[in-house]
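work-v2.cif, holding mmCIF, C-alpha atoms:
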```
data_entry
loop_
_atom_site.label_atom_id
_atom_site.label_comp_id
_atom_site.auth_asym_id
_atom_site.auth_seq_id
_atom_site.Cartn_x
_atom_site.Cartn_y
_atom_site.Cartn_z
CA MET M 1 1.70 11.86 25.60
CA PRO M 2 -2.01 10.93 25.58
CA HIS M 3 -3.21 14.41 24.56
CA GLU M 4 -0.97 14.46 21.52
CA THR M 5 -2.32 11.10 20.48
CA SER M 6 -5.97 12.11 20.71
CA SER M 7 -5.40 15.31 18.72
CA ASP M 8 -3.58 13.45 15.97
CA GLN M 9 -6.13 10.65 16.07
CA ALA M 10 -8.86 13.12 15.18
CA LEU M 11 -6.84 14.28 12.18
CA VAL M 12 -6.02 10.72 11.14
CA LYS M 13 -9.69 9.80 11.29
CA ARG M 14 -10.48 12.66 8.93
CA VAL M 15 -7.73 11.62 6.53
CA GLN M 16 -9.13 8.09 6.56
CA GLN M 17 -12.48 9.58 5.57
CA GLY M 18 -10.81 11.24 2.56
CA ASP M 19 -9.94 14.69 3.93
CA LYS M 20 -6.63 15.56 2.28
CA GLN M 21 -6.45 18.91 4.05
CA ALA M 22 -6.25 17.09 7.37
CA PHE M 23 -3.24 15.24 6.03
CA ASP M 24 -1.66 18.57 5.00
CA LEU M 25 -2.00 19.62 8.59
CA LEU M 26 -0.25 16.49 9.83
CA VAL M 27 2.55 17.10 7.32
CA ALA M 28 2.86 20.73 8.43
CA LYS M 29 3.02 19.62 12.04
CA TYR M 30 5.59 16.86 11.63
CA GLN M 31 7.67 17.98 8.64
CA TYR M 32 10.52 19.34 10.77
CA LYS M 33 10.68 16.25 12.94
CA VAL M 34 10.60 13.87 9.97
CA ILE M 35 13.17 15.79 7.93
CA GLY M 36 15.41 15.99 10.98
CA LEU M 37 15.01 12.27 11.59
CA ILE M 38 15.84 11.39 8.00
CA GLY M 39 18.79 13.79 8.17
CA ARG M 40 20.40 11.35 10.61
CA TYR M 41 20.54 8.80 7.78
CA VAL M 42 20.71 10.90 4.61
CA HIS M 43 23.04 13.85 5.08
CA ASP M 44 22.43 15.69 1.84
CA ARG M 45 19.66 18.26 2.30
CA SER M 46 17.89 17.83 -1.03
CA GLU M 47 18.09 14.03 -0.79
CA ALA M 48 16.70 14.16 2.75
CA LEU M 49 13.80 16.32 1.57
CA ASP M 50 13.02 13.81 -1.21
CA VAL M 51 13.11 10.89 1.22
CA ALA M 52 10.92 12.81 3.68
CA GLN M 53 8.46 13.50 0.89
CA ASP M 54 8.38 9.79 -0.02
CA SER M 55 7.83 8.92 3.64
CA PHE M 56 4.80 11.19 3.90
CA ILE M 57 3.35 9.86 0.66
CA LYS M 58 3.83 6.28 1.90
CA ALA M 59 2.16 7.25 5.16
CA TYR M 60 -0.77 8.73 3.26
CA ARG M 61 -1.16 5.57 1.17
CA ALA M 62 -1.01 3.37 4.27
CA ILE M 63 -3.06 5.53 6.61
CA GLY M 64 -6.17 3.43 5.99
CA ASN M 65 -4.43 0.60 7.85
CA PHE M 66 -3.47 2.77 10.83
CA ARG M 67 -5.62 1.60 13.73
CA GLY M 68 -4.33 3.97 16.38
CA GLU M 69 -2.66 1.25 18.44
CA SER M 70 0.36 3.54 18.72
CA ALA M 71 0.77 7.30 18.52
CA PHE M 72 0.64 8.68 15.00
CA TYR M 73 4.18 10.00 15.19
CA THR M 74 5.52 6.62 16.34
CA TRP M 75 3.93 5.05 13.27
CA LEU M 76 5.19 7.83 10.98
CA TYR M 77 8.65 7.58 12.55
CA ARG M 78 8.85 3.89 11.62
CA ILE M 79 7.84 4.60 8.02
CA ALA M 80 10.41 7.41 7.77
CA VAL M 81 13.25 5.28 9.17
CA ASN M 82 12.44 2.38 6.82
CA THR M 83 12.20 4.71 3.83
CA ALA M 84 15.55 6.29 4.69
CA LYS M 85 17.21 2.88 5.12
CA ASN M 86 15.76 1.59 1.85
CA TYR M 87 16.96 4.74 0.13
CA LEU M 88 20.50 4.17 1.36
CA VAL M 89 20.42 0.51 0.30
CA SER M 90 19.14 1.48 -3.16
CA ARG M 91 22.12 3.86 -3.47
CA SER M 92 24.47 1.10 -2.27
CA ARG M 93 25.14 2.99 0.92
CA ARG M 94 25.18 1.37 4.32
CA PRO M 95 22.47 2.45 6.77
CA PRO M 96 23.62 3.08 10.38
CA GLU M 97 23.85 0.06 12.68
CA SER M 98 21.29 1.35 15.19
CA ASP M 99 18.08 3.32 14.66
CA VAL M 100 17.74 6.94 15.70
CA GLU M 101 15.93 7.31 19.01
CA LEU M 102 12.53 8.96 19.13
CA ASP M 103 14.04 12.04 20.65
CA ASN M 104 13.38 15.65 19.74
CA GLU M 105 16.83 16.89 20.63
CA GLU M 106 18.57 14.60 18.19
CA VAL M 107 16.03 15.35 15.52
CA PHE M 108 16.47 19.08 15.80
CA SER M 109 20.25 18.76 15.72
CA ALA M 110 19.94 16.84 12.49
CA TYR M 111 17.65 19.45 11.00
CA GLU M 112 20.25 22.09 11.75
CA ALA M 113 22.86 20.02 9.97
CA LEU M 114 20.59 19.86 6.94
CA ALA M 115 19.79 23.54 6.94
CA ASP M 116 23.21 24.65 5.74
CA ILE M 117 23.58 26.61 8.98
CA ASP M 118 27.34 26.80 8.57
CA THR M 119 27.17 29.43 5.87
CA PRO M 120 27.99 32.86 7.38
CA ASP M 121 24.69 34.44 6.35
CA ALA M 122 22.62 31.58 7.69
CA LYS M 123 24.56 31.53 10.95
CA LEU M 124 24.12 35.25 11.44
CA ASN M 125 20.41 35.05 10.77
CA SER M 126 20.05 32.09 13.12
CA ASP M 127 21.89 33.94 15.89
CA ARG M 128 19.66 36.97 15.45
CA LEU M 129 16.56 34.86 15.42
CA GLU M 130 17.50 33.03 18.57
CA ALA M 131 18.37 36.23 20.39
CA ALA M 132 15.08 37.76 19.28
CA ILE M 133 13.13 34.75 20.58
CA HIS M 134 14.82 34.83 23.98
CA GLY M 135 14.39 38.63 24.14
CA ALA M 136 10.70 38.37 23.27
CA ILE M 137 10.13 35.64 25.87
CA LYS M 138 11.93 37.71 28.52
CA ASN M 139 9.60 40.61 27.82
CA LEU M 140 6.44 38.51 28.14
CA PRO M 141 4.19 38.96 31.19
CA GLU M 142 5.07 36.50 33.93
CA GLU M 143 2.01 34.22 33.53
CA LEU M 144 2.50 33.92 29.75
CA ARG M 145 6.22 33.22 30.10
CA SER M 146 5.64 30.58 32.77
CA ALA M 147 2.92 28.84 30.78
CA LEU M 148 5.07 28.75 27.64
CA THR M 149 8.23 27.54 29.33
CA LEU M 150 6.37 24.86 31.32
CA ARG M 151 4.97 23.59 28.05
CA GLU M 152 8.01 23.89 25.79
CA PHE M 153 10.90 23.48 28.19
CA ASP M 154 9.37 20.98 30.60
CA GLY M 155 6.99 19.34 28.11
CA LEU M 156 4.04 19.35 30.49
CA SER M 157 0.43 18.85 29.42
CA TYR M 158 -2.13 21.64 29.72
CA GLU M 159 -3.70 19.78 32.62
CA ASP M 160 -0.44 19.58 34.55
CA ILE M 161 0.33 23.23 33.87
CA ALA M 162 -3.16 24.16 35.10
CA LEU M 163 -2.46 22.30 38.35
CA ILE M 164 0.89 24.04 38.81
CA MET M 165 -0.44 27.50 37.95
CA SER M 166 -3.72 26.93 39.82
CA CYS M 167 -5.91 27.99 36.93
CA PRO M 168 -8.35 26.35 34.52
CA VAL M 169 -7.05 24.39 31.51
CA GLY M 170 -8.71 26.93 29.18
CA THR M 171 -6.65 29.70 30.73
CA VAL M 172 -3.45 27.72 30.20
CA ARG M 173 -4.36 27.18 26.59
CA SER M 174 -5.06 30.88 26.14
CA ARG M 175 -1.83 31.94 27.85
CA ILE M 176 0.30 29.63 25.75
CA PHE M 177 -1.15 30.80 22.46
CA ARG M 178 -0.91 34.47 23.49
CA ALA M 179 2.72 33.96 24.40
CA ARG M 180 3.43 32.30 21.08
CA GLU M 181 1.55 34.95 19.19
CA ALA M 182 3.58 37.71 20.83
CA VAL M 183 6.92 36.01 20.23
CA GLU M 184 6.00 35.07 16.68
CA LYS M 185 5.02 38.67 15.87
CA HIS M 186 8.36 39.84 17.19
CA ILE M 187 10.46 37.39 15.16
CA ARG M 188 8.41 37.30 11.94
CA PRO M 189 10.47 39.96 10.12
CA LEU M 190 13.64 37.99 10.81
CA MET M 191 12.05 34.74 9.69
CA ASP M 192 10.87 36.28 6.43
CA THR M 193 14.32 37.64 5.60
CA GLY M 194 15.87 34.30 6.46
CA GLU M 195 13.98 32.38 3.77
CA MET Y 1 -8.60 33.73 3.14
CA ALA Y 2 -7.64 35.86 6.11
CA ALA Y 3 -4.28 35.66 7.78
CA LEU Y 4 -4.52 34.02 11.17
CA ASN Y 5 -2.89 36.88 13.07
CA ASP Y 6 -5.09 39.59 11.60
CA HIS Y 7 -8.60 38.17 11.71
CA ALA Y 8 -8.69 34.82 13.35
CA PRO Y 9 -7.25 34.69 16.89
CA GLU Y 10 -9.49 31.71 17.61
CA SER Y 11 -7.82 29.80 14.79
CA LEU Y 12 -4.41 30.70 16.21
CA SER Y 13 -5.51 29.42 19.59
CA SER Y 14 -6.72 26.19 17.97
CA LEU Y 15 -3.51 25.83 15.99
CA SER Y 16 -1.45 26.38 19.12
CA ALA Y 17 -3.48 23.68 20.87
CA MET Y 18 -3.05 21.33 17.90
CA PHE Y 19 0.70 21.93 17.95
CA ASP Y 20 0.68 20.79 21.58
CA GLY Y 21 -1.63 17.83 20.82
CA GLU Y 22 -4.41 19.39 22.87
CA ALA Y 23 -6.85 20.25 20.09
CA ASN Y 24 -10.42 18.97 19.98
CA GLU Y 25 -12.71 18.33 16.98
CA GLN Y 26 -13.95 21.93 17.00
CA ASP Y 27 -10.37 23.22 16.90
CA ILE Y 28 -9.57 21.00 13.95
CA ASP Y 29 -12.68 22.19 12.10
CA ARG Y 30 -11.60 25.76 12.69
CA ILE Y 31 -8.03 25.16 11.49
CA LEU Y 32 -9.14 23.31 8.36
CA LYS Y 33 -11.21 26.30 7.31
CA GLU Y 34 -8.09 28.47 7.20
CA ASP Y 35 -5.61 28.89 4.37
CA SER Y 36 -3.01 26.14 4.53
CA ALA Y 37 -0.12 28.48 3.61
CA HIS Y 38 -0.87 30.66 6.62
CA ILE Y 39 -1.23 27.66 8.88
CA THR Y 40 2.11 26.28 7.76
CA LYS Y 41 3.79 29.64 8.25
CA GLN Y 42 2.35 29.91 11.73
CA LEU Y 43 3.41 26.37 12.60
CA GLU Y 44 6.92 27.20 11.46
CA GLY Y 45 6.95 30.06 13.96
CA PHE Y 46 5.89 27.65 16.72
CA HIS Y 47 8.62 25.21 15.71
CA VAL Y 48 11.27 27.90 15.83
CA ILE Y 49 10.18 29.05 19.28
CA GLN Y 50 10.19 25.45 20.49
CA GLN Y 51 13.65 24.97 19.02
CA ALA Y 52 15.03 27.99 20.84
CA LEU Y 53 13.52 26.89 24.14
CA THR Y 54 14.24 23.18 24.08
CA LYS Y 55 17.95 23.38 23.42
CA GLU Y 56 20.81 25.82 23.26
CA SER Y 57 21.38 25.56 19.57
CA LYS Y 58 20.90 27.46 16.36
CA VAL Y 59 17.32 27.86 15.20
CA THR Y 60 16.49 27.31 11.58
CA VAL Y 61 13.76 28.27 9.16
CA GLY Y 62 13.03 27.75 5.52
CA LEU Y 63 10.58 24.94 4.75
CA GLN Y 64 7.40 27.02 4.66
CA ASP Y 65 4.44 25.72 2.68
CA SER Y 66 6.43 24.40 -0.28
CA PHE Y 67 7.09 21.05 1.35
CA VAL Y 68 3.42 20.49 2.25
CA SER Y 69 2.18 21.63 -1.15
CA SER Y 70 4.68 19.48 -3.07
CA ILE Y 71 3.54 16.38 -1.16
CA ARG Y 72 -0.06 17.29 -1.83
CA ALA Y 73 0.68 17.81 -5.55
CA LYS Y 74 2.31 14.36 -5.79
CA ILE Y 75 -0.58 12.67 -4.02
CA ASP Y 76 -3.10 14.43 -6.28
CA ALA Y 77 -1.14 13.48 -9.41
CA GLU Y 78 -1.01 9.82 -8.34
CA ASP Y 79 -4.72 9.82 -7.54
CA LEU Y 80 -5.51 11.38 -10.90
CA ALA Y 81 -3.42 8.78 -12.73
CA ASN Y 82 -5.17 5.97 -10.83
CA GLN Y 83 -8.55 7.53 -11.58
CA ASN Y 84 -7.71 7.75 -15.30
CA ASP Y 85 -6.67 4.09 -15.37
CA ALA Y 86 -9.92 3.11 -13.70
CA ASP Y 87 -11.93 5.24 -16.16
CA ILE Y 88 -10.21 3.66 -19.17
CA LYS Y 89 -10.98 0.19 -17.85
CA ALA Y 90 -14.59 1.15 -17.15
CA ASP Y 91 -14.95 2.65 -20.66
CA ASN Y 92 -13.71 -0.54 -22.29
CA VAL Y 93 -16.21 -2.67 -20.41
CA LEU Y 94 -19.01 -0.20 -21.13
CA SER Y 95 -18.37 -0.01 -24.89
CA PHE Y 96 -18.49 -3.80 -25.20
CA SER Y 97 -21.82 -4.07 -23.43
CA GLU Y 98 -23.18 -1.00 -25.18
CA GLY Y 99 -22.25 -2.54 -28.57
CA ALA Y 100 -24.30 -5.59 -27.76
CA GLN Y 101 -27.25 -3.47 -26.67
CA HIS Y 102 -27.33 -1.38 -29.87
CA LYS Y 103 -27.46 -4.41 -32.25
CA PRO Y 104 -30.81 -4.82 -34.04
CA ALA Y 105 -33.02 -7.64 -32.75
CA TRP Y 106 -33.06 -9.51 -36.06
CA LYS Y 107 -29.26 -9.51 -36.18
CA VAL Y 108 -29.07 -10.94 -32.69
CA MET Y 109 -31.64 -13.65 -33.57
CA PHE Y 110 -29.90 -14.52 -36.84
CA SER Y 111 -26.51 -14.85 -35.21
CA SER Y 112 -28.01 -17.02 -32.45
CA VAL Y 113 -29.57 -19.37 -35.05
CA ALA Y 114 -26.29 -19.48 -36.98
CA VAL Y 115 -24.37 -20.42 -33.85
CA ALA Y 116 -26.94 -23.11 -32.94
CA ALA Y 117 -26.82 -24.57 -36.47
CA SER Y 118 -23.02 -24.65 -36.45
CA VAL Y 119 -22.97 -26.45 -33.12
CA THR Y 120 -25.56 -29.01 -34.31
CA PHE Y 121 -23.62 -29.67 -37.52
CA VAL Y 122 -20.38 -30.18 -35.65
CA VAL Y 123 -22.04 -32.58 -33.18
CA ILE Y 124 -23.69 -34.71 -35.92
CA PHE Y 125 -20.66 -34.77 -38.20
CA GLY Y 126 -18.30 -35.47 -35.35
CA GLY Y 127 -20.55 -38.26 -34.04
CA ASN Y 128 -20.71 -39.96 -37.44
CA LEU Y 129 -17.00 -39.68 -37.90
CA PHE Y 130 -16.42 -41.18 -34.47
CA LEU Y 131 -18.75 -44.13 -35.07
CA SER Y 132 -17.32 -44.98 -38.48
CA SER Y 133 -13.77 -44.82 -37.22
CA GLU Y 134 -14.68 -47.12 -34.31
CA THR Y 135 -16.09 -49.81 -36.71
CA SER Y 136 -13.06 -49.71 -38.94
CA ASN Y 137 -10.84 -50.06 -35.91
CA VAL Y 138 -12.68 -53.23 -34.86
CA ASN Y 139 -12.23 -54.75 -38.31
CA THR Y 140 -8.59 -53.87 -38.37
CA LEU Y 141 -8.16 -55.42 -34.96
CA ALA Y 142 -9.78 -58.67 -36.07
CA GLU Y 143 -7.54 -58.87 -39.10
CA VAL Y 144 -4.43 -58.16 -37.17
CA SER Y 145 -5.14 -60.47 -34.28
CA THR Y 146 -5.72 -63.47 -36.55
CA PRO Y 147 -2.43 -65.26 -37.06
CA GLU Y 148 -1.75 -65.86 -40.72
CA GLY Y 149 0.39 -69.00 -40.79
CA ASP Y 150 -0.30 -70.50 -37.39
CA GLU Y 151 -3.96 -71.31 -36.89
CA SER Y 152 -3.62 -72.29 -33.31
CA VAL Y 153 -6.50 -73.17 -31.02
CA ALA Y 154 -6.16 -70.04 -28.94
CA ALA Y 155 -6.59 -67.80 -31.96
CA LEU Y 156 -9.57 -69.77 -33.16
CA ALA Y 157 -11.30 -69.55 -29.82
CA GLU Y 158 -11.11 -65.79 -29.92
CA LEU Y 159 -12.77 -65.45 -33.31
CA ASN Y 160 -16.49 -65.43 -33.93
CA LYS Y 161 -17.56 -68.93 -34.86
CA GLU Y 162 -19.82 -67.77 -37.61
CA ALA Y 163 -16.96 -66.01 -39.27
CA LEU Y 164 -14.82 -69.13 -39.43
CA PRO Y 165 -14.47 -70.54 -42.88
CA ALA Y 166 -15.46 -74.10 -43.62
CA ASP Y 167 -11.83 -75.07 -44.11
CA SER Y 168 -11.02 -74.26 -40.58
CA ILE Y 169 -13.87 -76.44 -39.29
CA ARG Y 170 -12.68 -79.24 -41.41
CA LEU Y 171 -9.18 -78.83 -40.12
CA GLN Y 172 -10.52 -79.10 -36.60
CA HIS Y 173 -12.05 -82.47 -37.49
CA TYR Y 174 -8.79 -83.72 -38.86
CA LEU Y 175 -6.88 -82.62 -35.83
CA ARG Y 176 -9.37 -84.30 -33.53
CA GLN Y 177 -9.27 -87.56 -35.44
CA HIS Y 178 -5.50 -87.46 -35.44
CA ALA Y 179 -5.40 -86.89 -31.75
CA GLU Y 180 -7.81 -89.79 -31.05
CA GLN Y 181 -5.75 -92.17 -33.13
CA ALA Y 182 -2.53 -91.04 -31.50
CA ALA Y 183 -4.06 -91.64 -28.11
CA MET Y 184 -4.97 -95.17 -29.06
CA THR Y 185 -1.51 -96.06 -30.27
CA VAL Y 186 0.86 -94.20 -27.94
CA GLY Y 187 0.38 -93.32 -24.26
CA GLN Y 188 1.91 -89.92 -24.72
CA GLY Y 189 -0.72 -89.08 -27.30
CA MET Y 190 -3.20 -88.53 -24.50
CA ILE Y 191 -1.78 -85.08 -23.83
CA PRO Y 192 -2.41 -83.59 -27.30
CA MET Y 193 -5.85 -85.21 -27.24
CA ALA Y 194 -6.68 -83.64 -23.90
CA ARG Y 195 -5.50 -80.28 -25.19
CA VAL Y 196 -7.62 -80.44 -28.33
CA VAL Y 197 -10.72 -81.83 -26.67
CA SER Y 198 -10.73 -79.08 -24.06
CA TYR Y 199 -11.67 -76.55 -26.75
CA PRO Y 200 -15.28 -76.93 -27.85
CA VAL Y 201 -15.79 -76.68 -31.58
CA GLU Y 202 -19.20 -76.35 -33.06
CA GLU Y 203 -19.89 -78.23 -36.19
#
```

For this file, produce the structure as structure tokens.
Amino acid sequence: MPHETSSDQALVKRVQQGDKQAFDLLVAKYQYKVIGLIGRYVHDRSEALDVAQDSFIKAYRAIGNFRGESAFYTWLYRIAVNTAKNYLVSRSRRPPESDVELDNEEVFSAYEALADIDTPDAKLNSDRLEAAIHGAIKNLPEELRSALTLREFDGLSYEDIALIMSCPVGTVRSRIFRAREAVEKHIRPLMDTGE
Amino acid sequence: MAALNDHAPESLSSLSAMFDGEANEQDIDRILKEDSAHITKQLEGFHVIQQALTKESKVTVGLQDSFVSSIRAKIDAEDLANQNDADIKADNVLSFSEGAQHKPAWKVMFSSVAVAASVTFVVIFGGNLFLSSETSNVNTLAEVSTPEGDESVAALAELNKEALPADSIRLQHYLRQHAEQAAMTVGQGMIPMARVVSYPVEE
């Protein structure tokens, strides 16, 4: 996605200029994806977190060499996979034959596996959280719900959504964040108790 | 710093755009001014919503800011260690040069003269030693290369004529006379004569 690349590129450029806070932002954005990805190789949660941490530190050390020829996440993905494989080799464990695809669905599944979701309490909290999210989305005004689902469910860019909804890009941006804000407010109490 | 939801809806809008990869430089500036713990918490909310919408599976929470801050702490610790190493190296280099700068001028001059004198002494002494050893080697060579019992013509030719003793010159005369007589009496005597005559001997 070209938009995603340009947004990350701006952050990468700042990190290259010595802004560590910009790197924190990249970590915050991609931590779930990277941990989920590593979870496909390293199944223990605490080990996966350590490997993910190493991957981000390696990325930080190497970011000066990142020239933006690929998307930032593609580059980070490669570092994470190599770190996970090296970790398994160092523990005399065999890495999987084929690499994990750059696919959100698989990554999220792996993150669930790592999150000890099978414990009764965690499962109950997860069920509640999911129901609350769907309930909150159902209660959103039509234009907010459409904008959010077109973005999250269909993965469309703001520009494409603006074309579909016949409105300016700025309006799409505003609708999406208002939708998120409303849902997030609704589920926050559940998220805080789930920690 | 203020929580995003309470005081900074613009930051939330920017963060939402960044989450979608649609943020511009101004958005990033705005986000970076906010507290990172709040940003991370907000991003977690966005992740959870995305998770619920993108697939029919259980949503999960629990990373919060601890993961980001632990990575940051490790990076800072490594940087600090590297900085300390660099400082120690720089201090060592500095103290050496500073030591040289704080020496009194007379001490510096005296040590320079002492070094120059030592070098001169070594050069002269070494040169003399080299020359004397070379001469003795030549003498030894002359003594060794002179055959003791067999005073053949080849050995004589190699030696300095002035150094030849009178006996040797006399011997040459005898040998020549003998060769001439032998040549007169026997035909085969011509060969030793030719051999002896071919070597010039000064008288």

So what does the PyMOL selection byres ((chain M and resi 151) around 10) actually pick up in this one, as a CSV table (one decimal) with C-alpha atoms, keeping the file's coordinate frame?
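The result, written out as result17.csv:
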```csv
chain,number,residue,atom,x,y,z
M,145,ARG,CA,6.2,33.2,30.1
M,146,SER,CA,5.6,30.6,32.8
M,147,ALA,CA,2.9,28.8,30.8
M,148,LEU,CA,5.1,28.8,27.6
M,149,THR,CA,8.2,27.5,29.3
M,150,LEU,CA,6.4,24.9,31.3
M,152,GLU,CA,8.0,23.9,25.8
M,153,PHE,CA,10.9,23.5,28.2
M,154,ASP,CA,9.4,21.0,30.6
M,155,GLY,CA,7.0,19.3,28.1
M,156,LEU,CA,4.0,19.4,30.5
M,157,SER,CA,0.4,18.8,29.4
M,158,TYR,CA,-2.1,21.6,29.7
M,160,ASP,CA,-0.4,19.6,34.6
M,161,ILE,CA,0.3,23.2,33.9
M,172,VAL,CA,-3.4,27.7,30.2
M,176,ILE,CA,0.3,29.6,25.8
Y,20,ASP,CA,0.7,20.8,21.6
Y,50,GLN,CA,10.2,25.4,20.5
Y,53,LEU,CA,13.5,26.9,24.1
```

Give me, please, the distance in Å between CA of Glu184 (chain M) and CA of Ser166 (chain M), quoted to one decimal.
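We find that CA of Glu184 (chain M) and CA of Ser166 (chain M) lie 26.4 Å from each other.
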
Decode the PyMOL selection byres ((chain Y) within 7 of (chain M)) for the given file into explicit residues and return them as a compact mmCIF listing (two decimals) with C-alpha atoms, in the frame of the given file.
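Written file, part.txt:
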```txt
# COMPACT_ATOMS: atom_id res chain seq x y z
CA SER Y 13 -5.51 29.42 19.59
CA SER Y 16 -1.45 26.38 19.12
CA ALA Y 17 -3.48 23.68 20.87
CA MET Y 18 -3.05 21.33 17.90
CA PHE Y 19 0.70 21.93 17.95
CA ASP Y 20 0.68 20.79 21.58
CA GLY Y 21 -1.63 17.83 20.82
CA GLU Y 22 -4.41 19.39 22.87
CA ALA Y 23 -6.85 20.25 20.09
CA ASN Y 24 -10.42 18.97 19.98
CA GLU Y 25 -12.71 18.33 16.98
CA LEU Y 32 -9.14 23.31 8.36
CA THR Y 40 2.11 26.28 7.76
CA LEU Y 43 3.41 26.37 12.60
CA GLY Y 45 6.95 30.06 13.96
CA PHE Y 46 5.89 27.65 16.72
CA ILE Y 49 10.18 29.05 19.28
CA GLN Y 50 10.19 25.45 20.49
CA ALA Y 52 15.03 27.99 20.84
CA LEU Y 53 13.52 26.89 24.14
CA THR Y 54 14.24 23.18 24.08
CA LYS Y 58 20.90 27.46 16.36
CA VAL Y 59 17.32 27.86 15.20
CA THR Y 60 16.49 27.31 11.58
CA VAL Y 61 13.76 28.27 9.16
CA GLY Y 62 13.03 27.75 5.52
CA VAL Y 68 3.42 20.49 2.25
CA ILE Y 71 3.54 16.38 -1.16
CA ILE Y 75 -0.58 12.67 -4.02
```

From the list M:Gly170, M:Pro141, M:Lys13, M:Ile164, which residue is nearest Ala182 (chain M) when using all atoms listed in the file?
M:Pro141

In Å, how far is it from CA of Ile31 (chain Y) to CA of Glu10 (chain Y)?
9.1 Å

From M:Ala162, M:Val12, M:Tyr77, M:Arg93, residue lying nearest Gly64 (chain M) [all atoms listed in the file]:
M:Val12

CA of Asp76 (chain Y) to CA of Val81 (chain M), distance in Å rounded to a single decimal
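About the pair CA of Asp76 (chain Y) and CA of Val81 (chain M): they are 24.3 Å apart.
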